[in-house]
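**Student:** One structure, as structure tokens, below. Some questions next.
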Amino acid sequence: MRDGDWLTETGGRIRGVLKVMVDAGWLPGGSAVIGTGGMWEFVAVGRIDGETETAPDVSYDVASLTKVMATWPLVGQAVAEGVLDLDAPMSEYLPADDLPGGVVTTREILTHTSGLNPVTWLERYVGTEQDLAEAVLADPLEDRGRHRYIDRGFVLLGLLLERRYGVRLDVLADDLWDELGMRSTAFGPLPRSPSVAPTECRLAGAAPTWGVVHDEAAALMGGVAGHAGAFTTAIDLGAFAREILRLGEGSGGPVPSSFVRESWQPHVDAGQRRWRGLGWLITPEGVVYHNGYTGTSLFMHPASGRYVGVLTNAVHFGRDRTGLGELRAAARAALTPQAHGSTP
């Protein structure tokens, strides 16, 4: 299918699913970017909070997309600059010689095989004087080498990047995003405004979480963490996808092409006919993707250069997030080579 036809068809399909979700009252609204090469198309359906219409330049809390939009590329930079070694133990960089997690490597964290505590809950450290990085490494390892999605690993990588560079994670990320042409991506807090979508209303009769990170652990860390905390727009999400795909093709940029390509190779079985690369999930059809709990996703097909990014505040009416699976399935299917009986 020709690129123009694919853009139109995919945009119509994503718009249709979003409309069903909005009309059913499952979420206030959402936006999406569909792109290939130098072309892209935007979709915006519904409102951000029941009053203001959403648009491609509205900022959404991307939740765990922070892992691949901030921490993952910054790790790639650090490896290229000799600041980090993917296979060096944490004890080489942190005072962790006597801690169970001291043997864990950056590669294991990126592939979610570290065996670190899978429960992100950080409230237990509030009011103590225990260093957070050391606290994360102090718990016994469990099933090291087996794939298990673990936020704490990316919490640790964010802290590690800050300590290796001597610069805050949000500053490192801002420099990266600026180089990638992403002018509206940032860690929160953001001012409450019609250009920012609120997330969950946690207490009936109270205001929703708005402009501050939805993830509780990231909130405890001041809104800047390696696993969550970033906000972006459909425009910037498209710019990120386009530039990362170019890097994967071998063009120069802030993240080494070799690191990008290695990240998109299967490293460990992640179940459900998927593999985990470095950070990213990989399908048998060669789609690489990541999701965010708030209702965000980015799907890319490096072989064709096509991508679909979706931003919603699906948690706005609660954590059931009804219909989100169907929305993500539509985005992924649009990049599957067998879709529509043709090769993208």
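Chain labels A, B, ... are given in the sequence in which chains occur in the structure tokens; within each chain residues are numbered consecutively from 1, and ligands are likewise numbered from 1 in the order shown.
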What's around region 189-200 of chain A at 6 Å? Count only C-alpha atoms, leave out sequence neighbours fewer than 5 positions away in its own chain, and write the answer as a PyMOL selection string.
**Tutor:** chain A and resi 48+58-60+208-212+313+315-316
**Student:** DSSP on the backbone: which residues in region 55-297 of chain A end up as alpha helix (DSSP H)? Give the answer as a PyMOL selection string.
**Tutor:** chain A and resi 65-66+72-80+106-110+132-138+151-165+169-179+216-220+234-249+257-263
**Student:** Let me make sure I understand: among A:Ala88, A:Ala314, A:Val62, A:Ala334, which one has the smallest atom-to-atom distance to Cys201 (chain A) if we use only C-alpha atoms?
**Tutor:**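 Comparing A:Ala88, A:Ala314, A:Val62, A:Ala334 against Cys201 (chain A), the winner is A:Ala314.
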**Student:** Using only C-alpha atoms, which of the listed residues (A:Thr113, A:Leu335, A:Leu180, A:Ser64) sits closest to Phe231 (chain A)?
**Tutor:**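 Nearest to Phe231 (chain A): A:Ser64.
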**Student:** Would you work out the distance separating CA of Ser114 (chain A) from CA of Arg144 (chain A), expressed in Å to one decimal?
**Tutor:**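 About the pair CA of Ser114 (chain A) and CA of Arg144 (chain A): they are 5.2 Å apart.
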**Student:** Pick the closest to Glu108 (chain A) from A:Asp87, A:Glu285, A:Glu249, A:Glu142: which is it, counting only C-alpha atoms?
**Tutor:** A:Asp87
**Student:** Find, counting only C-alpha atoms, the residue in A:Leu86, A:Val126, A:Leu94, A:Leu324 that gets nearest to Val22 (chain A).
**Tutor:**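 Closest to Val22 (chain A), using only C-alpha atoms: A:Leu324.
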**Student:** Quick one: pull the distance between CA of Gly115 (chain A) and CA of Val287 (chain A), Å, one decimal.
**Tutor:**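 It comes out at 26.2 Å.
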**Student:** Find the spatial neighbours of region 296-308 of chain A, counting only C-alpha atoms, within a cut-off of 6 Å - ignore same-chain residues fewer than 3 positions away - and output them as number ranges by chain.
**Tutor:** A: 33-36, 62, 287-292, 311-312
**Student:** Output the selection as a compact mmCIF listing (two decimals), in the first residue's frame - all heavy atoms for each residue.
**Tutor:**
```
# COMPACT_ATOMS: atom_id res chain seq x y z
N VAL A 33 -0.45 10.31 16.28
CA VAL A 33 0.36 10.68 15.12
C VAL A 33 0.64 9.41 14.33
O VAL A 33 0.97 8.37 14.89
CB VAL A 33 1.68 11.38 15.55
CG1 VAL A 33 2.51 10.50 16.49
CG2 VAL A 33 2.50 11.77 14.33
N ILE A 34 0.45 9.50 13.04
CA ILE A 34 0.72 8.38 12.13
C ILE A 34 1.71 8.90 11.09
O ILE A 34 1.46 9.94 10.46
CB ILE A 34 -0.57 7.90 11.43
CG1 ILE A 34 -1.60 7.44 12.47
CG2 ILE A 34 -0.29 6.77 10.46
CD1 ILE A 34 -2.65 8.49 12.78
N GLY A 35 2.84 8.23 10.94
CA GLY A 35 3.86 8.78 10.06
C GLY A 35 4.67 7.75 9.32
O GLY A 35 4.73 6.58 9.69
N THR A 36 5.31 8.22 8.28
CA THR A 36 6.25 7.40 7.50
C THR A 36 7.13 8.35 6.69
O THR A 36 6.62 9.29 6.05
CB THR A 36 5.54 6.42 6.58
OG1 THR A 36 6.52 5.69 5.82
CG2 THR A 36 4.59 7.11 5.62
N VAL A 62 3.07 10.82 29.71
CA VAL A 62 3.34 9.59 28.94
C VAL A 62 3.65 8.39 29.81
O VAL A 62 3.81 7.28 29.29
CB VAL A 62 4.48 9.81 27.92
CG1 VAL A 62 4.15 10.93 26.98
CG2 VAL A 62 5.83 10.03 28.60
N VAL A 287 7.67 -5.26 14.68
CA VAL A 287 7.19 -4.02 15.29
C VAL A 287 7.86 -3.87 16.65
O VAL A 287 7.91 -4.82 17.44
CB VAL A 287 5.65 -4.03 15.45
CG1 VAL A 287 5.19 -2.77 16.19
CG2 VAL A 287 4.97 -4.14 14.09
N VAL A 288 8.40 -2.69 16.93
CA VAL A 288 8.96 -2.40 18.25
C VAL A 288 8.06 -1.37 18.92
O VAL A 288 7.59 -0.44 18.27
CB VAL A 288 10.41 -1.89 18.15
CG1 VAL A 288 11.31 -2.95 17.55
CG2 VAL A 288 10.51 -0.61 17.35
N TYR A 289 7.82 -1.56 20.22
CA TYR A 289 6.86 -0.66 20.86
C TYR A 289 7.04 -0.61 22.37
O TYR A 289 7.75 -1.42 22.96
CB TYR A 289 5.43 -1.08 20.52
CG TYR A 289 4.93 -2.33 21.20
CD1 TYR A 289 4.14 -2.27 22.35
CD2 TYR A 289 5.22 -3.60 20.69
CE1 TYR A 289 3.66 -3.42 22.97
CE2 TYR A 289 4.74 -4.76 21.30
CZ TYR A 289 3.96 -4.65 22.45
OH TYR A 289 3.50 -5.79 23.06
N HIS A 290 6.36 0.37 22.96
CA HIS A 290 6.30 0.50 24.41
C HIS A 290 4.99 1.19 24.75
O HIS A 290 4.49 2.01 23.97
CB HIS A 290 7.47 1.31 24.95
CG HIS A 290 7.85 0.96 26.36
ND1 HIS A 290 7.06 1.29 27.45
CD2 HIS A 290 8.92 0.29 26.86
CE1 HIS A 290 7.64 0.85 28.55
NE2 HIS A 290 8.77 0.24 28.23
N ASN A 291 4.44 0.85 25.92
CA ASN A 291 3.19 1.45 26.39
C ASN A 291 3.43 2.25 27.65
O ASN A 291 4.41 2.04 28.37
CB ASN A 291 2.15 0.36 26.70
CG ASN A 291 1.73 -0.43 25.48
OD1 ASN A 291 1.59 0.12 24.38
ND2 ASN A 291 1.54 -1.73 25.64
N GLY A 292 2.48 3.16 27.95
CA GLY A 292 2.48 3.90 29.19
C GLY A 292 1.16 3.71 29.90
O GLY A 292 0.10 3.70 29.26
N LEU A 311 -1.66 9.11 22.31
CA LEU A 311 -1.65 9.76 23.62
C LEU A 311 -3.08 9.93 24.12
O LEU A 311 -3.91 10.55 23.44
CB LEU A 311 -0.99 11.14 23.53
CG LEU A 311 0.47 11.18 23.08
CD1 LEU A 311 0.92 12.63 22.90
CD2 LEU A 311 1.38 10.48 24.09
N THR A 312 -3.39 9.35 25.27
CA THR A 312 -4.70 9.54 25.89
C THR A 312 -4.52 9.69 27.39
O THR A 312 -3.46 9.39 27.93
CB THR A 312 -5.66 8.35 25.64
OG1 THR A 312 -5.31 7.27 26.52
CG2 THR A 312 -5.62 7.87 24.20
```
**Student:** Extract, using only C-alpha atoms, all DNA, RNA and protein residues at most 7 Å from Met90 (chain A), discarding same-chain residues fewer than 6 positions from it, and format them as a list of chain:residue names.
**Tutor:**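 Final neighbour list, sorted by chain and number: A:Ala96, A:Gly102, A:Val103, A:Val104, A:Thr105.
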**Student:** Please report, as a ChimeraX atom specification, each residue of region 127-265 of chain A to which DSSP assigns strand (DSSP E) when run on this structure's backbone.
**Tutor:** /A:186-187,230-232
**Student:** Smallest atom-to-atom distance to Val171 (chain A): which of A:Leu99, A:Trp6, A:Ala138, A:Leu74, using only C-alpha atoms?
**Tutor:**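 That would be A:Leu74, the residue with the smallest distance to Val171 (chain A).
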**Student:** Restricting the calculation to only C-alpha atoms: of A:Gly127, A:Thr120, A:Gly253, A:Gly29, which residue gets closest to Gly181 (chain A)?
**Tutor:**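 Nearest candidate to Gly181 (chain A) out of A:Gly127, A:Thr120, A:Gly253, A:Gly29: A:Gly253.
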**Student:** I'd like the contact shell of Glu41 (chain A) - 12 Å cut-off, only C-alpha atoms, skipping same-chain residues fewer than 6 positions apart - returned as a JSON list (two decimals) with N, CA and C atoms, in the first residue's frame.
**Tutor:**
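And here's part.json as it stands now:
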```
[["chain", "number", "residue", "atom", "x", "y", "z"],
["A", 3, "ASP", "N", 2.30, 4.96, 0.71],
["A", 3, "ASP", "CA", 2.38, 5.64, 1.99],
["A", 3, "ASP", "C", 1.18, 6.56, 2.24],
["A", 4, "GLY", "N", 0.79, 7.33, 1.23],
["A", 4, "GLY", "CA", -0.33, 8.24, 1.42],
["A", 4, "GLY", "C", -1.63, 7.52, 1.75],
["A", 5, "ASP", "N", -1.87, 6.42, 1.05],
["A", 5, "ASP", "CA", -3.07, 5.64, 1.33],
["A", 5, "ASP", "C", -3.01, 5.02, 2.72],
["A", 6, "TRP", "N", -1.82, 4.56, 3.09],
["A", 6, "TRP", "CA", -1.66, 3.95, 4.42],
["A", 6, "TRP", "C", -1.91, 5.00, 5.52],
["A", 7, "LEU", "N", -1.39, 6.20, 5.35],
["A", 7, "LEU", "CA", -1.62, 7.25, 6.33],
["A", 7, "LEU", "C", -3.11, 7.53, 6.50],
["A", 8, "THR", "N", -3.80, 7.67, 5.38],
["A", 8, "THR", "CA", -5.22, 7.98, 5.42],
["A", 8, "THR", "C", -6.03, 6.86, 6.07],
["A", 9, "GLU", "N", -5.74, 5.63, 5.66],
["A", 9, "GLU", "CA", -6.49, 4.49, 6.20],
["A", 9, "GLU", "C", -6.22, 4.30, 7.69],
["A", 10, "THR", "N", -4.94, 4.39, 8.08],
["A", 10, "THR", "CA", -4.60, 4.19, 9.49],
["A", 10, "THR", "C", -5.17, 5.31, 10.34],
["A", 11, "GLY", "N", -5.07, 6.54, 9.85],
["A", 11, "GLY", "CA", -5.64, 7.66, 10.59],
["A", 11, "GLY", "C", -7.13, 7.49, 10.81],
["A", 12, "GLY", "N", -7.83, 7.01, 9.77],
["A", 12, "GLY", "CA", -9.26, 6.79, 9.90],
["A", 12, "GLY", "C", -9.58, 5.70, 10.91],
["A", 14, "ILE", "N", -7.67, 4.70, 13.56],
["A", 14, "ILE", "CA", -7.38, 5.18, 14.91],
["A", 14, "ILE", "C", -8.43, 6.18, 15.36],
["A", 15, "ARG", "N", -8.83, 7.06, 14.45],
["A", 15, "ARG", "CA", -9.87, 8.03, 14.79],
["A", 15, "ARG", "C", -11.17, 7.32, 15.18],
["A", 31, "SER", "N", -5.15, 11.95, 21.26],
["A", 31, "SER", "CA", -4.57, 12.35, 19.99],
["A", 31, "SER", "C", -3.61, 11.26, 19.53],
["A", 32, "ALA", "N", -3.27, 11.30, 18.25],
["A", 32, "ALA", "CA", -2.38, 10.29, 17.69],
["A", 32, "ALA", "C", -1.59, 10.90, 16.54],
["A", 33, "VAL", "N", -0.45, 10.31, 16.28],
["A", 33, "VAL", "CA", 0.36, 10.68, 15.12],
["A", 33, "VAL", "C", 0.64, 9.41, 14.33],
["A", 34, "ILE", "N", 0.45, 9.50, 13.04],
["A", 34, "ILE", "CA", 0.72, 8.38, 12.13],
["A", 34, "ILE", "C", 1.71, 8.90, 11.09],
["A", 35, "GLY", "N", 2.84, 8.23, 10.94],
["A", 35, "GLY", "CA", 3.86, 8.78, 10.06],
["A", 35, "GLY", "C", 4.67, 7.75, 9.32],
["A", 56, "PRO", "N", -3.27, 18.08, 18.54],
["A", 56, "PRO", "CA", -1.93, 17.49, 18.45],
["A", 56, "PRO", "C", -0.87, 18.20, 19.30],
["A", 234, "ALA", "N", 1.49, 14.97, 20.62],
["A", 234, "ALA", "CA", 1.52, 14.09, 19.45],
["A", 234, "ALA", "C", 2.56, 14.57, 18.44],
["A", 235, "ILE", "N", 2.73, 15.88, 18.34],
["A", 235, "ILE", "CA", 3.72, 16.43, 17.41],
["A", 235, "ILE", "C", 5.12, 15.98, 17.81],
["A", 238, "GLY", "N", 5.73, 12.23, 17.38],
["A", 238, "GLY", "CA", 6.05, 11.93, 15.99],
["A", 238, "GLY", "C", 7.49, 12.29, 15.65],
["A", 239, "ALA", "N", 7.94, 13.43, 16.16],
["A", 239, "ALA", "CA", 9.33, 13.84, 15.90],
["A", 239, "ALA", "C", 10.30, 12.83, 16.51],
["A", 306, "ARG", "N", 7.61, 3.18, 9.27],
["A", 306, "ARG", "CA", 6.29, 3.66, 9.67],
["A", 306, "ARG", "C", 6.13, 3.61, 11.19],
["A", 307, "TYR", "N", 5.26, 4.48, 11.69],
["A", 307, "TYR", "CA", 5.05, 4.52, 13.14],
["A", 307, "TYR", "C", 3.65, 5.04, 13.45],
["A", 308, "VAL", "N", 3.17, 4.66, 14.63],
["A", 308, "VAL", "CA", 1.89, 5.14, 15.16],
["A", 308, "VAL", "C", 2.10, 5.43, 16.64],
["A", 309, "GLY", "N", 1.84, 6.67, 17.04],
["A", 309, "GLY", "CA", 1.92, 7.06, 18.44],
["A", 309, "GLY", "C", 0.56, 7.51, 18.94]]
```
**Student:** Contacts between region 264-273 of chain A and region 116-201 of chain A, please, where a residue of region 116-201 of chain A counts if it comes within 9 Å (with only C-alpha atoms); show its shortest atom pair and distance in Å to one decimal, rows by chain and ascending number, as CSV.
**Tutor:**
```
residue,atom,partner,partner_atom,distance
A:Gly145,CA,A:Val268,CA,8.9
A:Arg146,CA,A:Val268,CA,8.1
A:His147,CA,A:Ala270,CA,5.9
A:Arg148,CA,A:Ala270,CA,7.9
```
**Student:** Kindly give the distance, in Å, that separates CA of Val155 (chain A) and CA of Ala225 (chain A), rounded to a single decimal.
**Tutor:**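 Atom-to-atom, CA of Val155 (chain A) and CA of Ala225 (chain A) are spaced 5.9 Å apart.
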**Student:** So that I can check the surroundings of Arg183 (chain A), please list as a list of chain:residue names every protein, DNA and RNA residue that reaches within 9 Å of it, counting only C-alpha atoms and ignoring chain neighbours fewer than 4 positions away.
**Tutor:**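 So the residues in contact are A:Trp177, A:Asp178, A:Asp236.
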